[in-house]
file entry10.csv (CSV, C-alpha atoms)
chain,number,residue,atom,x,y,z
L,1,LEU,CA,24.3,19.1,-20.3
L,2,ASP,CA,24.2,22.8,-21.0
L,3,LEU,CA,20.9,23.5,-22.7
L,4,GLU,CA,22.3,26.3,-24.9
L,5,SER,CA,25.4,24.5,-26.2
L,6,GLY,CA,24.8,20.8,-25.5
L,7,ASN,CA,28.2,20.7,-23.8
L,8,PHE,CA,28.9,18.5,-20.8
L,9,VAL,CA,28.6,20.3,-17.5
L,10,TRP,CA,29.6,17.1,-15.6
L,11,LYS,CA,29.1,13.4,-15.9
L,12,LYS,CA,29.5,10.4,-13.6
L,13,HIS,CA,29.8,6.7,-14.5
L,14,LEU,CA,27.6,4.7,-12.2
L,15,VAL,CA,30.1,1.8,-12.0
L,16,ARG,CA,33.5,3.4,-12.3
L,17,ASP,CA,32.8,6.6,-10.4
L,18,LEU,CA,30.1,5.4,-8.0
L,19,ASP,CA,31.1,1.8,-7.3
L,20,GLY,CA,27.8,0.5,-8.8
L,21,THR,CA,26.8,-3.0,-9.9
L,22,ILE,CA,24.8,-3.2,-13.2
L,23,PRO,CA,21.5,-5.1,-12.9
L,24,GLN,CA,20.9,-8.1,-15.1
L,25,TRP,CA,19.1,-6.1,-17.8
L,26,GLY,CA,21.0,-2.9,-17.3
L,27,TYR,CA,20.2,0.4,-15.5
L,28,ALA,CA,16.7,1.5,-16.1
L,29,ALA,CA,15.6,3.9,-13.3
L,30,SER,CA,15.3,7.5,-14.3
L,31,PRO,CA,17.4,10.0,-12.2
L,32,ILE,CA,15.3,12.5,-10.2
L,33,VAL,CA,16.1,16.0,-9.0
L,34,ILE,CA,15.2,17.0,-5.5
L,35,GLU,CA,16.6,19.7,-3.2
L,36,GLU,CA,19.3,20.7,-5.7
L,37,LYS,CA,20.5,17.1,-5.9
L,38,VAL,CA,20.4,14.4,-8.6
L,39,ILE,CA,19.4,11.0,-7.2
L,40,VAL,CA,20.7,7.9,-8.9
L,41,GLN,CA,20.7,4.2,-8.0
L,42,PRO,CA,24.1,2.6,-8.8
L,43,GLY,CA,23.2,-0.5,-6.8
L,44,GLY,CA,26.6,-1.0,-5.1
L,45,ALA,CA,27.1,-2.5,-1.7
L,46,ASN,CA,28.3,0.9,-0.4
L,47,SER,CA,26.3,3.0,-2.9
L,48,SER,CA,22.9,1.5,-3.3
L,49,ILE,CA,21.5,5.0,-3.8
L,50,VAL,CA,23.6,8.2,-4.3
L,51,ALA,CA,22.8,12.0,-4.3
L,52,LEU,CA,25.0,14.2,-6.5
L,53,ASN,CA,25.3,17.9,-6.4
L,54,LEU,CA,23.1,19.2,-9.3
L,55,LYS,CA,25.6,21.9,-10.3
L,56,THR,CA,28.9,20.0,-9.9
L,57,GLY,CA,28.2,16.3,-9.8
L,58,GLU,CA,30.0,15.9,-6.5
L,59,ILE,CA,28.7,13.2,-4.1
L,60,VAL,CA,26.5,14.7,-1.4
L,61,TRP,CA,25.7,11.4,0.2
L,62,ARG,CA,25.7,7.7,-0.5
L,63,THR,CA,23.8,5.0,1.2
L,64,PRO,CA,24.9,1.3,1.4
L,65,GLY,CA,22.4,-1.4,0.6
L,66,ARG,CA,21.2,-3.8,-2.0
L,67,ARG,CA,21.5,-4.0,-5.8
L,68,ALA,CA,19.3,-1.7,-7.9
L,69,ALA,CA,15.9,-2.7,-9.4
L,70,TYR,CA,14.5,-1.2,-12.6
L,71,ALA,CA,11.7,1.1,-11.4
L,72,SER,CA,12.1,4.8,-11.3
L,73,PRO,CA,11.6,6.4,-7.9
L,74,VAL,CA,9.0,9.0,-6.9
L,75,VAL,CA,9.1,11.7,-4.2
L,76,HIS,CA,6.6,12.0,-1.3
L,77,GLN,CA,6.6,14.8,1.2
L,78,THR,CA,5.5,14.1,4.8
L,79,ALA,CA,6.0,16.1,8.0
L,80,GLY,CA,8.5,18.4,6.1
L,81,THR,CA,10.6,15.5,4.9
L,82,ASN,CA,11.1,14.5,1.3
L,83,GLN,CA,11.0,10.8,0.9
L,84,ILE,CA,12.5,9.1,-2.1
L,85,ILE,CA,10.3,6.0,-2.6
L,86,GLY,CA,11.7,3.4,-4.9
L,87,PHE,CA,12.8,-0.2,-5.1
L,88,ASP,CA,16.0,-2.1,-4.6
L,89,ALA,CA,16.4,-5.7,-5.7
L,90,MET,CA,14.4,-7.0,-2.7
L,91,ALA,CA,12.0,-4.4,-1.3
L,92,ALA,CA,10.2,-1.1,-1.7
L,93,VAL,CA,12.3,1.5,0.2
L,94,ALA,CA,12.1,5.1,1.3
L,95,TRP,CA,15.2,7.2,1.8
L,96,ASN,CA,15.4,10.7,3.3
L,97,ALA,CA,16.3,13.1,0.4
L,98,SER,CA,18.4,15.3,2.7
L,99,ASN,CA,20.8,12.7,4.0
L,100,GLY,CA,20.1,9.3,2.4
L,101,ASN,CA,19.0,7.6,5.6
L,102,LYS,CA,16.6,4.7,5.1
L,103,LEU,CA,13.2,5.6,6.5
L,104,TRP,CA,11.3,2.4,6.0
L,105,GLU,CA,11.1,-0.7,3.7
L,106,VAL,CA,8.4,-3.1,2.7
L,107,LYS,CA,9.3,-6.6,1.6
L,108,PRO,CA,6.6,-8.4,-0.5
L,109,SER,CA,5.4,-11.8,0.6
L,110,VAL,CA,6.6,-13.5,-2.6
L,111,LYS,CA,10.3,-13.1,-3.4
L,112,ASN,CA,12.1,-12.5,-6.7
L,113,ASP,CA,10.1,-9.7,-8.2
L,114,PHE,CA,12.0,-7.8,-10.9
L,115,ASN,CA,10.4,-4.5,-9.8
L,116,VAL,CA,10.1,-2.8,-13.1
L,117,PRO,CA,6.8,-0.8,-12.6
L,118,SER,CA,7.4,2.3,-10.6
L,119,PRO,CA,5.6,3.0,-7.3
L,120,VAL,CA,2.4,5.0,-7.7
L,121,LEU,CA,1.5,7.7,-5.1
L,122,VAL,CA,-2.2,7.6,-4.4
L,123,PRO,CA,-4.2,9.3,-1.6
L,124,ASP,CA,-3.0,8.2,1.8
L,125,GLY,CA,-0.5,5.6,0.5
L,126,VAL,CA,1.4,3.9,-2.3
L,127,ALA,CA,0.3,1.3,-4.9
L,128,PHE,CA,2.7,-1.3,-6.1
L,129,THR,CA,2.4,-3.7,-9.0
L,130,SER,CA,4.7,-6.7,-9.8
L,131,GLU,CA,4.6,-10.0,-11.5
L,132,ASN,CA,4.9,-12.1,-8.4
L,133,ASN,CA,2.9,-10.0,-5.9
L,134,ALA,CA,0.2,-8.5,-8.1
L,135,THR,CA,-1.2,-5.1,-7.1
L,136,ARG,CA,-1.4,-4.0,-3.5
L,137,PHE,CA,-2.2,-0.7,-1.7
L,138,HIS,CA,-0.2,0.2,1.4
L,139,ARG,CA,-1.2,3.1,3.7
L,140,PHE,CA,1.0,5.7,5.4
L,141,ASP,CA,0.8,6.0,9.2
L,142,THR,CA,0.8,9.4,11.0
L,143,MET,CA,4.6,9.4,11.0
L,144,GLY,CA,4.8,8.9,7.2
L,145,VAL,CA,5.9,5.2,7.5
L,146,LEU,CA,4.3,2.8,5.1
L,147,SER,CA,2.5,-0.2,6.6
L,148,GLU,CA,4.2,-3.5,5.8
L,149,VAL,CA,0.8,-5.1,5.5
L,150,PRO,CA,-1.3,-4.1,2.4
L,151,SER,CA,-4.7,-2.6,3.0
L,152,ALA,CA,-6.0,-4.0,-0.2
L,153,GLU,CA,-4.8,-6.3,-3.0
L,154,PHE,CA,-6.0,-7.2,-6.5
L,155,LEU,CA,-4.4,-10.4,-7.8
L,156,GLU,CA,-5.5,-10.1,-11.5
L,157,LEU,CA,-3.3,-7.0,-12.1
L,158,ALA,CA,0.2,-8.4,-12.1
L,159,GLY,CA,2.0,-6.8,-15.0
L,160,ASP,CA,5.7,-7.4,-15.1
L,161,SER,CA,6.7,-4.1,-16.7
L,162,HIS,CA,3.7,-1.7,-17.0
L,163,THR,CA,3.4,1.1,-14.5
L,164,PRO,CA,-0.2,1.8,-13.5
L,165,ILE,CA,-1.5,5.4,-13.1
L,166,GLN,CA,-3.9,7.1,-10.7
L,167,LEU,CA,-6.7,9.0,-12.2
L,168,GLY,CA,-9.1,10.5,-9.7
L,169,ARG,CA,-10.3,7.7,-7.4
L,170,HIS,CA,-9.2,5.0,-9.9
L,171,LEU,CA,-6.0,3.0,-10.3
L,172,ILE,CA,-5.6,2.0,-13.9
L,173,GLY,CA,-3.1,-0.7,-15.2
L,174,VAL,CA,-2.5,-3.2,-17.9
L,175,ASP,CA,-2.2,-7.0,-17.6
L,176,ARG,CA,-3.4,-8.5,-20.9
L,177,ASP,CA,-6.5,-6.2,-20.4
L,178,LEU,CA,-6.8,-2.6,-19.3
L,179,ILE,CA,-8.0,-2.9,-15.7
L,180,ILE,CA,-9.7,-0.1,-13.7
L,181,LEU,CA,-9.8,-0.4,-9.9
L,182,ASP,CA,-11.5,1.7,-7.3
L,183,LEU,CA,-9.1,3.2,-4.7
L,184,ASP,CA,-12.0,4.1,-2.4
L,185,ARG,CA,-13.3,0.6,-2.4
L,186,SER,CA,-10.3,-1.6,-1.6
L,187,LEU,CA,-9.2,-1.9,-5.2
L,188,GLU,CA,-12.6,-3.2,-6.3
L,189,LEU,CA,-12.8,-4.0,-10.0
L,190,VAL,CA,-14.6,-1.2,-11.9
L,191,ALA,CA,-14.1,-2.2,-15.5
L,192,LYS,CA,-11.9,-4.2,-17.9
L,193,HIS,CA,-11.2,-3.5,-21.6
L,194,SER,CA,-9.7,-6.1,-23.9
L,195,ASP,CA,-7.8,-5.4,-27.1
L,196,PRO,CA,-5.1,-7.3,-29.0
L,197,SER,CA,-2.8,-4.3,-28.7
L,198,LEU,CA,-2.8,-4.6,-24.9
L,199,LEU,CA,-0.9,-7.9,-25.1
L,200,GLY,CA,2.4,-6.2,-25.6
L,201,TYR,CA,4.1,-3.5,-23.5
L,202,CYS,CA,1.9,-0.4,-22.9
L,203,SER,CA,2.4,3.0,-21.3
L,204,LEU,CA,-0.5,5.0,-19.9
L,205,ILE,CA,-1.3,8.7,-19.8
L,206,GLY,CA,-4.4,9.9,-17.9
L,207,CYS,CA,-6.2,13.2,-18.1
L,208,GLY,CA,-9.7,14.1,-16.9
L,209,GLU,CA,-11.7,11.0,-17.5
L,210,ARG,CA,-9.7,9.6,-20.5
L,211,VAL,CA,-6.7,7.3,-20.7
L,212,LEU,CA,-4.3,7.3,-23.6
L,213,VAL,CA,-2.5,4.0,-24.1
L,214,THR,CA,0.5,3.7,-26.3
L,215,CYS,CA,1.1,0.1,-27.4
L,216,GLU,CA,4.2,-1.9,-28.4
L,217,ASP,CA,2.6,-2.8,-31.8
L,218,GLY,CA,2.4,0.9,-32.7
L,219,ASN,CA,-1.3,1.4,-32.0
L,220,VAL,CA,-2.7,4.1,-29.7
L,221,LEU,CA,-5.9,3.7,-27.8
L,222,LEU,CA,-8.0,6.5,-26.3
L,223,LEU,CA,-10.5,5.2,-23.7
L,224,GLN,CA,-13.2,7.0,-21.8
L,225,LEU,CA,-13.7,6.1,-18.2
call {"tool": "encode", "arguments": {"input": "entry10.csv", "output": "structure tokens"}}
result
Amino acid sequence: LDLESGNFVWKKHLVRDLDGTIPQWGYAASPIVIEEKVIVQPGGANSSIVALNLKTGEIVWRTPGRRAAYASPVVHQTAGTNQIIGFDAMAAVAWNASNGNKLWEVKPSVKNDFNVPSPVLVPDGVAFTSENNATRFHRFDTMGVLSEVPSAEFLELAGDSHTPIQLGRHLIGVDRDLIILDLDRSLELVAKHSDPSLLGYCSLIGCGERVLVTCEDGNVLLLQL
């Protein structure tokens, strides 16, 4: 959209224009902008992920693959390459932002995750959380490829829709309780906080040593680490 007038500059329909397949609960991943391209995940057999020209909406590249998941992707730069790290319906995947080539994928040990929580970039790697495979930390090797075997796991943080956050050396997430893990100590439990408001969907914002939690029931919690 044009910010001044609100008029359409261009638009693309993920199914009709990009041959996508709508996931069971609809599209949920946020588009991201990188290298003057808009990245979307139509989830089609020939268009699992697509890059569109930011100014014109024309297709720059499209990559075949699996159906889309629900998590929003993130961008990680290594060795001069921008990796788009996200999920498809089966695995965590990294694509080259310049050409769409798949760089690596990590399939969890337990199948059928919905993959709603987004990947979390943490020092030296990525943290994933899901309902079937809980929370696990995978490290990058020297070539920027993520290890298929997790370096650490924490089985009590297995939220199906809450995305954790990194705050300093801590990974913080919600699964019936607010859970704080130590990234420097193999996801060792630091603290738990219980509150009835945490039983519904929550989103987290971290700053300094405080965490703001917005809750489905309308309450807002502010916690000091």
call {"tool": "closest_atom_pairs", "arguments": {"input": "entry10.csv", "of": "segment 117-205 of chain L", "to": "segment 90-99 of chain L", "cutoff": "12 Å", "atoms": "only C-alpha atoms", "output": "JSON lines"}}
result
{"residue": "L:Pro117", "atom": "CA", "partner": "L:Ala92", "partner_atom": "CA", "distance": 11.4}
{"residue": "L:Ser118", "atom": "CA", "partner": "L:Ala92", "partner_atom": "CA", "distance": 9.9}
{"residue": "L:Pro119", "atom": "CA", "partner": "L:Ala92", "partner_atom": "CA", "distance": 8.3}
{"residue": "L:Val120", "atom": "CA", "partner": "L:Ala92", "partner_atom": "CA", "distance": 11.6}
{"residue": "L:Val126", "atom": "CA", "partner": "L:Ala92", "partner_atom": "CA", "distance": 10.1}
{"residue": "L:Ala127", "atom": "CA", "partner": "L:Ala92", "partner_atom": "CA", "distance": 10.7}
{"residue": "L:Phe128", "atom": "CA", "partner": "L:Ala92", "partner_atom": "CA", "distance": 8.7}
{"residue": "L:Thr129", "atom": "CA", "partner": "L:Ala92", "partner_atom": "CA", "distance": 11.0}
{"residue": "L:Ser130", "atom": "CA", "partner": "L:Ala92", "partner_atom": "CA", "distance": 11.3}
{"residue": "L:Asn133", "atom": "CA", "partner": "L:Ala91", "partner_atom": "CA", "distance": 11.6}
{"residue": "L:His138", "atom": "CA", "partner": "L:Ala92", "partner_atom": "CA", "distance": 10.9}
{"residue": "L:Phe140", "atom": "CA", "partner": "L:Ala94", "partner_atom": "CA", "distance": 11.8}
{"residue": "L:Gly144", "atom": "CA", "partner": "L:Ala94", "partner_atom": "CA", "distance": 10.1}
{"residue": "L:Val145", "atom": "CA", "partner": "L:Ala94", "partner_atom": "CA", "distance": 8.8}
{"residue": "L:Leu146", "atom": "CA", "partner": "L:Ala94", "partner_atom": "CA", "distance": 9.0}
{"residue": "L:Ser147", "atom": "CA", "partner": "L:Ala92", "partner_atom": "CA", "distance": 11.4}
{"residue": "L:Glu148", "atom": "CA", "partner": "L:Ala92", "partner_atom": "CA", "distance": 9.9}
call {"tool": "atom_distance", "arguments": {"input": "entry10.csv", "atom1": "atom CA of Asn46 of chain L", "atom2": "atom CA of Asp88 of chain L"}}
result
13.3 Å
call {"tool": "atom_distance", "arguments": {"input": "entry10.csv", "atom1": "atom CA of Arg185 of chain L", "atom2": "atom CA of Asn132 of chain L"}}
result
23.0 Å
call {"tool": "residues_near_point", "arguments": {"input": "entry10.csv", "point": "(13.6, 17.4, 1.2)", "cutoff": "8 Å", "atoms": "all atoms listed in the file", "output": "list in words"}}
result
Ile34, Glu35, Gln77, Gly80, Thr81, Asn82, Gln83, Asn96, Ala97 and Ser98 of chain L
call {"tool": "write_last_selection", "arguments": {"input": "entry10.csv", "atoms": "C-alpha atoms", "output": "PDB file, in the frame of the given file"}}
result
ATOM      1  CA  ILE L  34      15.200  17.000  -5.500  1.00  0.00           C
ATOM      2  CA  GLU L  35      16.600  19.700  -3.200  1.00  0.00           C
ATOM      3  CA  GLN L  77       6.600  14.800   1.200  1.00  0.00           C
ATOM      4  CA  GLY L  80       8.500  18.400   6.100  1.00  0.00           C
ATOM      5  CA  THR L  81      10.600  15.500   4.900  1.00  0.00           C
ATOM      6  CA  ASN L  82      11.100  14.500   1.300  1.00  0.00           C
ATOM      7  CA  GLN L  83      11.000  10.800   0.900  1.00  0.00           C
ATOM      8  CA  ASN L  96      15.400  10.700   3.300  1.00  0.00           C
ATOM      9  CA  ALA L  97      16.300  13.100   0.400  1.00  0.00           C
ATOM     10  CA  SER L  98      18.400  15.300   2.700  1.00  0.00           C
TER      11      SER L  98
END
call {"tool": "closest_residue", "arguments": {"input": "entry10.csv", "among": "L:Asp160, L:Val213, L:Phe154, L:Asp113", "to": "Val190 of chain L", "atoms": "only C-alpha atoms"}}
result
L:Phe154
call {"tool": "closest_residue", "arguments": {"input": "entry10.csv", "among": "L:Lys111, L:Arg176, L:Arg16, L:His162", "to": "Ser203 of chain L", "atoms": "all atoms listed in the file"}}
result
L:His162
call {"tool": "closest_residue", "arguments": {"input": "entry10.csv", "among": "L:Val116, L:Ile84, L:Ala69, L:Ile22", "to": "Lys37 of chain L", "atoms": "all atoms listed in the file"}}
result
L:Ile84
call {"tool": "residues_near_point", "arguments": {"input": "entry10.csv", "point": "(24.6, -1.0, 4.6)", "cutoff": "12 Å", "atoms": "all atoms listed in the file", "output": "ChimeraX atom specification"}}
result
/L:43-49,62-67,100-102
call {"tool": "write_last_selection", "arguments": {"input": "entry10.csv", "atoms": "C-alpha atoms", "output": "mmCIF file, keeping the file's coordinate frame"}}
result
data_model
loop_
_atom_site.group_PDB
_atom_site.id
_atom_site.type_symbol
_atom_site.label_atom_id
_atom_site.label_comp_id
_atom_site.auth_asym_id
_atom_site.auth_seq_id
_atom_site.Cartn_x
_atom_site.Cartn_y
_atom_site.Cartn_z
ATOM 1 C CA GLY L 43 23.200 -0.500 -6.800
ATOM 2 C CA GLY L 44 26.600 -1.000 -5.100
ATOM 3 C CA ALA L 45 27.100 -2.500 -1.700
ATOM 4 C CA ASN L 46 28.300 0.900 -0.400
ATOM 5 C CA SER L 47 26.300 3.000 -2.900
ATOM 6 C CA SER L 48 22.900 1.500 -3.300
ATOM 7 C CA ILE L 49 21.500 5.000 -3.800
ATOM 8 C CA ARG L 62 25.700 7.700 -0.500
ATOM 9 C CA THR L 63 23.800 5.000 1.200
ATOM 10 C CA PRO L 64 24.900 1.300 1.400
ATOM 11 C CA GLY L 65 22.400 -1.400 0.600
ATOM 12 C CA ARG L 66 21.200 -3.800 -2.000
ATOM 13 C CA ARG L 67 21.500 -4.000 -5.800
ATOM 14 C CA GLY L 100 20.100 9.300 2.400
ATOM 15 C CA ASN L 101 19.000 7.600 5.600
ATOM 16 C CA LYS L 102 16.600 4.700 5.100
#
call {"tool": "closest_residue", "arguments": {"input": "entry10.csv", "among": "L:Ala191, L:Met143, L:Leu18, L:Ala158", "to": "Asp175 of chain L", "atoms": "all atoms listed in the file"}}
result
L:Ala158
call {"tool": "residues_around", "arguments": {"input": "entry10.csv", "residues": "segment 28-31 of chain L", "least_positions_apart": "2", "cutoff": "7 Å", "atoms": "all atoms listed in the file", "output": "list in words"}}
result
Gly26, Val33, Val38, Ile39, Val40, Tyr70, Ala71 and Ser72 of chain L
